[in-house]
>>> print(open('structure-v6.tsv').read())   # TSV, C-alpha atoms
chain	number	residue	atom	x	y	z
A	1	MET	CA	-10.20	8.81	0.64
A	2	GLY	CA	-7.47	7.62	2.99
A	3	THR	CA	-4.50	9.64	4.17
A	4	ILE	CA	-0.84	8.99	4.89
A	5	TYR	CA	0.94	11.26	7.36
A	6	TYR	CA	4.69	10.82	6.93
A	7	GLY	CA	7.38	12.32	9.14
A	8	GLY	CA	7.00	15.96	10.01
A	9	SER	CA	5.40	16.90	6.70
A	10	ALA	CA	2.43	19.19	7.09
A	11	THR	CA	1.10	17.96	3.75
A	12	PRO	CA	-1.00	14.79	4.03
A	13	ILE	CA	-0.95	12.30	1.17
A	14	HIS	CA	-4.44	11.33	0.00
A	15	ILE	CA	-4.96	7.87	-1.48
A	16	GLU	CA	-8.23	6.01	-2.05
A	17	ASP	CA	-9.02	3.71	0.92
A	18	ARG	CA	-8.88	0.42	-1.00
A	19	ALA	CA	-5.53	1.27	-2.59
A	20	LEU	CA	-4.17	2.48	0.75
A	21	ALA	CA	-5.19	-0.76	2.48
A	22	HIS	CA	-3.15	-2.75	-0.04
A	23	LEU	CA	-0.24	-0.33	0.08
A	24	LYS	CA	-0.22	-0.51	3.89
A	25	VAL	CA	0.32	-4.29	3.84
A	26	VAL	CA	3.37	-3.96	1.61
A	27	ILE	CA	4.81	-0.90	3.40
A	28	ALA	CA	4.39	-2.48	6.84
A	29	THR	CA	6.10	-5.66	5.65
A	30	LYS	CA	9.10	-3.78	4.26
A	31	LEU	CA	9.45	-1.48	7.28
A	32	ARG	CA	9.09	-4.41	9.71
A	33	ARG	CA	12.11	-5.94	7.97
A	34	GLY	CA	14.06	-2.69	8.43
A	35	GLU	CA	14.10	-1.92	4.71
A	36	SER	CA	14.08	1.59	3.21
A	37	PHE	CA	12.47	2.22	-0.18
A	38	THR	CA	10.51	4.73	-2.25
A	39	VAL	CA	6.79	4.96	-2.96
A	40	SER	CA	5.58	6.81	-6.05
A	41	TRP	CA	2.10	7.70	-7.27
A	42	GLN	CA	0.32	9.87	-9.79
A	43	HIS	CA	-1.58	12.81	-8.36
A	44	PRO	CA	-5.35	12.39	-8.05
A	45	ASP	CA	-7.59	14.19	-10.52
A	46	ASP	CA	-8.50	16.88	-7.96
A	47	GLU	CA	-4.82	17.91	-7.53
A	48	PRO	CA	-2.40	19.57	-9.96
A	49	ARG	CA	-1.21	17.14	-12.63
A	50	GLY	CA	1.98	15.22	-11.90
A	51	ARG	CA	3.44	12.54	-9.68
A	52	SER	CA	5.23	12.33	-6.34
A	53	THR	CA	7.77	10.06	-4.67
A	54	ILE	CA	8.63	9.74	-0.98
A	55	TRP	CA	11.51	7.88	0.65
A	56	LEU	CA	10.30	5.59	3.44
A	57	HIS	CA	12.61	4.66	6.30
A	58	PRO	CA	11.77	2.62	9.42
A	59	SER	CA	12.85	5.43	11.76
A	60	ILE	CA	10.47	8.04	10.29
A	61	PRO	CA	6.96	8.20	11.82
A	62	LEU	CA	4.19	7.01	9.53
A	63	ARG	CA	0.43	6.96	10.09
A	64	PHE	CA	-2.37	5.61	7.89
A	65	VAL	CA	-5.88	7.06	8.30
A	66	PHE	CA	-8.84	5.48	6.55
A	67	ASP	CA	-12.26	7.06	5.96
A	68	GLU	CA	-13.99	3.68	5.98
A	69	PRO	CA	-14.17	1.91	9.37
A	70	GLU	CA	-13.95	-1.60	7.86
A	71	THR	CA	-10.95	-3.05	6.03
A	72	PRO	CA	-11.88	-3.76	2.41
A	73	PRO	CA	-11.35	-7.25	0.97
A	74	LEU	CA	-7.72	-7.55	-0.06
A	75	SER	CA	-6.52	-8.79	-3.45
A	76	ARG	CA	-3.57	-11.19	-3.26
A	77	LYS	CA	-2.62	-10.30	-6.87
A	78	TRP	CA	-2.57	-6.55	-6.21
A	79	ILE	CA	-0.45	-7.01	-3.08
A	80	GLU	CA	1.94	-9.25	-4.99
A	81	ASP	CA	2.23	-6.66	-7.79
A	82	LEU	CA	2.96	-3.90	-5.25
A	83	ALA	CA	5.45	-6.12	-3.38
A	84	ASN	CA	7.25	-6.95	-6.62
A	85	SER	CA	7.56	-3.25	-7.45
A	86	ALA	CA	8.80	-2.61	-3.88
A	87	ASN	CA	11.67	-5.00	-4.50
A	88	SER	CA	12.69	-3.26	-7.73
A	89	SER	CA	15.25	-0.45	-7.99
A	90	GLY	CA	12.41	2.02	-8.65
A	91	GLY	CA	10.57	1.20	-5.42
A	92	ILE	CA	6.81	0.85	-5.03
A	93	MET	CA	4.80	2.37	-7.83
A	94	LEU	CA	1.18	2.63	-6.75
A	95	ILE	CA	-0.51	0.93	-9.65
A	96	ALA	CA	-4.18	0.42	-10.37
A	97	GLU	CA	-5.74	-2.85	-9.32
A	98	HIS	CA	-6.02	-5.46	-12.05
A	99	ILE	CA	-9.65	-6.51	-11.78
A	100	ASP	CA	-10.17	-10.17	-12.55
A	101	THR	CA	-13.59	-10.73	-14.07
A	102	ALA	CA	-13.61	-14.43	-13.15
A	103	PRO	CA	-15.48	-15.17	-9.93
A	104	GLU	CA	-13.33	-15.98	-6.90
A	105	ASP	CA	-13.98	-19.24	-5.08
A	106	VAL	CA	-12.93	-17.99	-1.66
A	107	GLN	CA	-12.50	-14.52	-0.22
A	108	GLU	CA	-9.06	-14.47	1.39
A	109	ASP	CA	-8.56	-12.76	4.71
A	110	ALA	CA	-5.72	-10.35	5.45
A	111	SER	CA	-3.57	-12.95	7.23
A	112	GLN	CA	-3.53	-15.16	4.13
A	113	VAL	CA	-2.61	-12.19	1.95
A	114	VAL	CA	0.19	-11.15	4.31
A	115	HIS	CA	1.69	-14.64	4.00
A	116	ALA	CA	1.57	-14.23	0.21
A	117	VAL	CA	4.17	-11.44	0.41
A	118	GLY	CA	6.47	-13.46	2.65
A	119	VAL	CA	5.67	-12.34	6.18
A	120	SER	CA	6.09	-15.02	8.83
A	121	ASP	CA	3.66	-15.56	11.72
A	122	ASP	CA	6.16	-13.80	13.98
A	123	ASP	CA	5.98	-10.65	11.82
A	124	SER	CA	2.19	-10.35	11.46
>>> encode(input="structure-v6.tsv", output="structure tokens")
Amino acid sequence: MGTIYYGGSATPIHIEDRALAHLKVVIATKLRRGESFTVSWQHPDDEPRGRSTIWLHPSIPLRFVFDEPETPPLSRKWIEDLANSANSSGGIMLIAEHIDTAPEDVQEDASQVVHAVGVSDDDS
């Protein structure tokens, strides 16, 4: 279970490592561009039922902490879905990964996935 520490909040936000790795790519891209936006998610099963939303701004400190030492393989489709929601009026909605049951020919690395959401070489 990964964790986001945002601003001065004493309450960490817990998100599964794989989901957080994908979310981090999209958040970093938006913040690097100086864009503000919201991120929303449903509470995990071990927390009281409900959902939360935070407003992200480039000037507010943000830290991602992952339990796993290695970055998981990233899904271009999931990053694209998150990026599309980031560009909507509702902001990023942390959605479940759409698992494709067809075998992939090539495992893409993070730099290829970053380019899929429109980050130039200067930004990555």
>>> closest_atom_pairs(input="structure-v6.tsv", of="segment 6-42 of chain A", to="segment 51-57 of chain A", cutoff="7 Å", atoms="only C-alpha atoms", output="tab-separated table")
residue	atom	partner	partner_atom	distance
A:Leu31	CA	A:His57	CA	7.0
A:Glu35	CA	A:His57	CA	6.9
A:Ser36	CA	A:His57	CA	4.6
A:Phe37	CA	A:Leu56	CA	5.4
A:Thr38	CA	A:Trp55	CA	4.4
A:Val39	CA	A:Thr53	CA	5.5
A:Ser40	CA	A:Thr53	CA	4.2
A:Trp41	CA	A:Arg51	CA	5.6
A:Gln42	CA	A:Arg51	CA	4.1
>>> atom_distance(input="structure-v6.tsv", atom1="atom CA of Pro61 of chain A", atom2="atom CA of Trp78 of chain A")
25.2 Å
>>> closest_residue(input="structure-v6.tsv", among="A:Arg63, A:Arg49, A:Lys30, A:His43", to="Leu94 of chain A", atoms="only C-alpha atoms")
A:His43
>>> atom_distance(input="structure-v6.tsv", atom1="atom CA of Ala86 of chain A", atom2="atom CA of Val26 of chain A")
7.8 Å
>>> atom_distance(input="structure-v6.tsv", atom1="atom CA of Glu68 of chain A", atom2="atom CA of Ile27 of chain A")
19.5 Å
>>> closest_atom_pairs(input="structure-v6.tsv", of="segment 28-100 of chain A", to="segment 9-23 of chain A", cutoff="9 Å", atoms="all atoms listed in the file", output="Markdown table")
| residue | atom | partner | partner_atom | distance |
| --- | --- | --- | --- | --- |
| A:Ala28 | CA | A:Leu23 | CA | 8.5 |
| A:His43 | CA | A:His14 | CA | 9.0 |
| A:Pro44 | CA | A:Ile15 | CA | 8.0 |
| A:Phe64 | CA | A:Leu20 | CA | 8.0 |
| A:Val65 | CA | A:Asp17 | CA | 8.7 |
| A:Phe66 | CA | A:Asp17 | CA | 5.9 |
| A:Asp67 | CA | A:Asp17 | CA | 6.9 |
| A:Glu68 | CA | A:Asp17 | CA | 7.1 |
| A:Thr71 | CA | A:Ala21 | CA | 7.1 |
| A:Pro72 | CA | A:Arg18 | CA | 6.2 |
| A:Pro73 | CA | A:Arg18 | CA | 8.3 |
| A:Leu74 | CA | A:His22 | CA | 6.6 |
| A:Ser75 | CA | A:His22 | CA | 7.7 |
| A:Trp78 | CA | A:His22 | CA | 7.3 |
| A:Ile79 | CA | A:His22 | CA | 5.9 |
| A:Leu82 | CA | A:Leu23 | CA | 7.2 |
| A:Ala83 | CA | A:Leu23 | CA | 8.8 |
| A:Ile92 | CA | A:Leu23 | CA | 8.8 |
| A:Leu94 | CA | A:Leu23 | CA | 7.6 |
| A:Ile95 | CA | A:Ala19 | CA | 8.7 |
| A:Ala96 | CA | A:Ala19 | CA | 7.9 |
| A:Glu97 | CA | A:Ala19 | CA | 7.9 |
>>> closest_residue(input="structure-v6.tsv", among="A:Tyr5, A:Pro69, A:Ser88, A:Pro58", to="Thr29 of chain A", atoms="only C-alpha atoms")
A:Pro58
